[in-house]
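Following: one structure in structure tokens, then a few remarks.
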Amino acid sequence: MKFNVVVLAGDGIGPEICEATIEVMEAVGKKYGHAFNWKHELVGGASIDKHGVALTDEALDLCKKSDAVLFGAVGGPKWDDPTAKVRPEQGILIVRKGLGLFANLRPIKMYPQLVNATNLKPEVVKGVDLIFVRELTGGLYYGRPRKTYQTSRGRRAIDTMVYSEKEIERVVRVGFELARGRRKKLTSVDKANVLECSRLWRQIATELAAQYPDVALEHMYVDACSMRLIQSPASFDVLVTENTFGDILTDEGSMLAGSLGMLPSASLAGLPKEDVKTLGLYEPGHGSAPKRAGLNMANPLATILSAAMMLRYSFALPKEAKAVEDAVVKVLEEGYRTYDLMSEGMKKVGTREMGKLIAERI
Ligand code: IPM
Ligand code: MG
């Protein structure tokens, strides 16, 4: 089969991790007889420098017409002025919203090979295999009004958290559907003791539960959840939560897997039906790591594992997805590590080498 993929490599380590990922995907294409047509577009700081905006309308259009988007990372000190009107992060926010990708899947899995790379005790992280469903196109990130303004008593700023019933329902449903195919447990994370949005969220999750009698639904406050993630992470299966909570909890969660460099993600407009091509956005959970940029140091595994999700969710190619995931495990088993995962006795490799090692094992 043939697939059109837009590559938004972005800033910092973005281009390097995308390059390593493309090498792996090309190996998949070769082995399984698929052709990928990679179209590169600027995003983030790189796009601001050239076009004055974090993503051009043309680039967004191209994304809309593609089969999938591979995203690297955006941002860096050069564009960090908090008063700036255009910011690199707008690039990713425009793609998410522009493509209607409301469900952000972030799986967190403890690879036994990496047990020495985490800061947590092995017995705590053992068996961690959970997946976050983060609402991605609503809440504080997009709510209006949002502005900073002058008052007689000084400056004020306002952001708005707003959710409609429909927005909540469709994403919580993704949580239930995923749980159904896994260990049948769904944790809905909110702050219903304080926030109106969370109270509506909880009500809707409870109502939906009637349609999924095979899934055990629990509600958890976000503060308690952040604690439980460290205390007993293996007790979670699927978690569903709103945009900002999901942003914070998934960074925390990534530490369970040893490194932020291990956190892949898929952003979708709902779970695809079997065997149907579905547009999605695939990006690592980490940032652009400007200090590591251009040094052939960055860990490309989160991006490579995101590409595996692309194969599974956007291209309906589960066998190929598994081949990538298996190759990652194999390379880890053989003791290859990027700097962020290094522990005693392991073999240190750079971004390119890591990509090549995985490509060779497809
Ligand atoms: C993430 C990132 C983004 C977010 C930033 C870069 C806008 O932190 O994907 O988690 O907050 O969603
Ligand atoms: Mg984040």
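As shown in the structure tokens, the chain order sets the letters A, B, ...; within each chain, residues go from 1, and ligands are also counted from 1 in the order they appear.
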
Notebook entry, point to check: How would you write, as a PyMOL selection string, the set of residues no farther than 10 Å from ligand 2 when counting only C-alpha atoms and all ligand atoms?
Noted result: chain A and resi 243-252+284-287

task: Pull the helix (DSSP H, G or I) assignments for segment 137-324 of chain A out of DSSP run on the backbone, and list those residues as JSON, numbers by chain.
output: {"A": [139, 140, 141, 165, 166, 167, 168, 169, 170, 171, 172, 173, 174, 175, 176, 177, 178, 179, 180, 196, 197, 198, 199, 200, 201, 202, 203, 204, 205, 206, 207, 208, 209, 222, 223, 224, 225, 226, 227, 228, 229, 230, 231, 233, 234, 235, 243, 244, 245, 246, 247, 248, 249, 250, 251, 252, 253, 254, 255, 256, 257, 260, 261, 262, 290, 291, 292, 301, 302, 303, 304, 305, 306, 307, 308, 309, 310, 311, 312, 313, 314, 318, 319, 320, 321, 322, 323, 324]}

Have a look at atom CA of Asn193 of chain A and atom CA of Leu105 of chain A and let me know their distance in Å, one decimal.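 These atoms are spaced 25.9 Å apart.
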
Q. Which value, in Å to one decimal, gives the distance between atom CA of Lys356 of chain A and atom CA of Phe71 of chain A?
A.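 Atom CA of Phe71 of chain A lies at a distance of 19.6 Å from atom CA of Lys356 of chain A.
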
DSSP on the backbone: which residues in segment 93-313 of chain A end up as strand (DSSP E)? Give the answer as an NGL selection string.
:A and (103-109 or 129-135 or 147-151 or 154-158 or 185-190 or 216-221 or 238-241 or 266-268 or 280-282)

Using N, CA and C atoms, can you export the residues from the last selection as a compact mmCIF listing (two decimals), in the first residue's frame?
# COMPACT_ATOMS: atom_id res chain seq x y z
N ALA A 103 -8.67 13.09 20.62
CA ALA A 103 -8.24 12.01 21.53
C ALA A 103 -6.75 11.75 21.40
N ASN A 104 -6.04 12.03 22.47
CA ASN A 104 -4.59 11.86 22.48
C ASN A 104 -4.26 10.61 23.31
N LEU A 105 -3.76 9.61 22.62
CA LEU A 105 -3.43 8.34 23.28
C LEU A 105 -1.96 8.33 23.66
N ARG A 106 -1.68 8.18 24.93
CA ARG A 106 -0.29 8.13 25.40
C ARG A 106 -0.06 6.87 26.23
N PRO A 107 0.40 5.83 25.61
CA PRO A 107 0.65 4.59 26.35
C PRO A 107 1.95 4.69 27.15
N ILE A 108 1.93 4.14 28.33
CA ILE A 108 3.14 4.14 29.17
C ILE A 108 3.40 2.71 29.62
N LYS A 109 4.52 2.22 29.17
CA LYS A 109 4.82 0.81 29.41
C LYS A 109 6.22 0.71 29.98
N ASP A 129 1.68 -0.92 32.70
CA ASP A 129 1.21 -0.97 31.32
C ASP A 129 -0.13 -0.25 31.30
N LEU A 130 -0.04 1.05 31.08
CA LEU A 130 -1.26 1.85 31.14
C LEU A 130 -1.34 2.74 29.92
N ILE A 131 -2.52 3.29 29.69
CA ILE A 131 -2.64 4.22 28.56
C ILE A 131 -3.51 5.41 28.96
N PHE A 132 -2.98 6.58 28.70
CA PHE A 132 -3.73 7.81 28.94
C PHE A 132 -4.51 8.17 27.69
N VAL A 133 -5.75 8.60 27.90
CA VAL A 133 -6.50 9.24 26.83
C VAL A 133 -6.69 10.67 27.29
N ARG A 134 -5.94 11.56 26.65
CA ARG A 134 -5.99 12.98 27.04
C ARG A 134 -6.87 13.73 26.05
N GLU A 135 -7.85 14.47 26.55
CA GLU A 135 -8.67 15.30 25.67
C GLU A 135 -7.74 16.36 25.09
N LYS A 147 -6.81 36.28 27.67
CA LYS A 147 -6.04 37.49 27.39
C LYS A 147 -5.36 38.01 28.65
N THR A 148 -4.42 38.89 28.45
CA THR A 148 -3.81 39.64 29.54
C THR A 148 -4.21 41.09 29.32
N TYR A 149 -4.67 41.77 30.35
CA TYR A 149 -5.12 43.14 30.14
C TYR A 149 -4.82 44.01 31.36
N GLN A 150 -4.90 45.29 31.10
CA GLN A 150 -4.57 46.27 32.12
C GLN A 150 -5.83 46.67 32.88
N THR A 151 -5.76 46.73 34.20
CA THR A 151 -6.89 47.27 34.96
C THR A 151 -6.33 48.39 35.84
N GLY A 154 -3.77 47.10 38.25
CA GLY A 154 -2.65 46.31 37.74
C GLY A 154 -3.09 45.36 36.63
N ARG A 155 -2.15 44.56 36.13
CA ARG A 155 -2.44 43.66 35.03
C ARG A 155 -3.23 42.45 35.51
N ARG A 156 -4.08 41.96 34.64
CA ARG A 156 -4.80 40.71 34.93
C ARG A 156 -4.70 39.81 33.71
N ALA A 157 -4.82 38.52 33.95
CA ALA A 157 -4.84 37.57 32.84
C ALA A 157 -5.98 36.60 33.06
N ILE A 158 -6.56 36.15 31.96
CA ILE A 158 -7.66 35.19 32.09
C ILE A 158 -7.52 34.08 31.05
N LYS A 185 -10.54 -1.76 32.77
CA LYS A 185 -10.63 -0.82 33.88
C LYS A 185 -10.41 0.59 33.35
N LEU A 186 -11.31 1.50 33.69
CA LEU A 186 -11.17 2.89 33.24
C LEU A 186 -11.16 3.82 34.43
N THR A 187 -10.12 4.65 34.52
CA THR A 187 -10.05 5.66 35.57
C THR A 187 -10.33 7.01 34.93
N SER A 188 -11.40 7.66 35.35
CA SER A 188 -11.71 8.98 34.84
C SER A 188 -11.18 10.00 35.85
N VAL A 189 -10.29 10.85 35.38
CA VAL A 189 -9.59 11.77 36.28
C VAL A 189 -10.18 13.17 36.17
N ASP A 190 -10.54 13.75 37.30
CA ASP A 190 -11.15 15.09 37.27
C ASP A 190 -10.84 15.84 38.56
N ALA A 216 -14.98 -1.64 34.32
CA ALA A 216 -15.11 -1.07 35.66
C ALA A 216 -14.64 0.38 35.62
N LEU A 217 -15.56 1.30 35.90
CA LEU A 217 -15.21 2.72 35.90
C LEU A 217 -14.92 3.18 37.32
N GLU A 218 -13.80 3.89 37.49
CA GLU A 218 -13.57 4.56 38.77
C GLU A 218 -13.31 6.03 38.50
N HIS A 219 -13.70 6.88 39.43
CA HIS A 219 -13.41 8.31 39.33
C HIS A 219 -12.27 8.61 40.29
N MET A 220 -11.39 9.50 39.86
CA MET A 220 -10.28 9.85 40.74
C MET A 220 -9.98 11.34 40.60
N TYR A 221 -9.76 12.02 41.72
CA TYR A 221 -9.34 13.42 41.64
C TYR A 221 -7.93 13.49 41.09
N VAL A 238 -6.59 2.01 31.82
CA VAL A 238 -6.83 3.16 30.94
C VAL A 238 -7.24 4.34 31.81
N LEU A 239 -6.66 5.51 31.53
CA LEU A 239 -7.06 6.73 32.23
C LEU A 239 -7.56 7.73 31.20
N VAL A 240 -8.65 8.41 31.52
CA VAL A 240 -9.14 9.43 30.60
C VAL A 240 -9.27 10.74 31.37
N THR A 241 -8.82 11.82 30.74
CA THR A 241 -8.86 13.09 31.46
C THR A 241 -8.84 14.28 30.52
N ALA A 266 -0.40 9.13 19.93
CA ALA A 266 -1.23 9.19 18.73
C ALA A 266 -2.37 10.13 19.03
N SER A 267 -2.66 11.04 18.11
CA SER A 267 -3.80 11.93 18.29
C SER A 267 -4.79 11.67 17.17
N LEU A 268 -6.01 11.35 17.58
CA LEU A 268 -7.00 10.85 16.62
C LEU A 268 -8.33 11.57 16.79
N GLY A 280 -4.27 10.70 11.40
CA GLY A 280 -3.86 10.91 12.79
C GLY A 280 -2.53 11.65 12.84
N LEU A 281 -2.23 12.15 14.03
CA LEU A 281 -0.98 12.88 14.26
C LEU A 281 -0.16 12.09 15.27
N TYR A 282 1.12 11.91 14.95
CA TYR A 282 1.97 11.06 15.78
C TYR A 282 3.18 11.85 16.25

| field | Selected residue, from A:Leu93, A:Leu229, A:Ile168, A:Leu295, that lies nearest to ligand 1 when counting only C-alpha atoms and all ligand atoms | value |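 Checking each candidate against ligand 1, we get A:Leu93 as the closest.
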
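Considering only C-alpha atoms, the residue among A:Ala68, A:Ala117, A:Val194, A:Val74 positioned nearest to Leu260 of chain A is A:Ala117.
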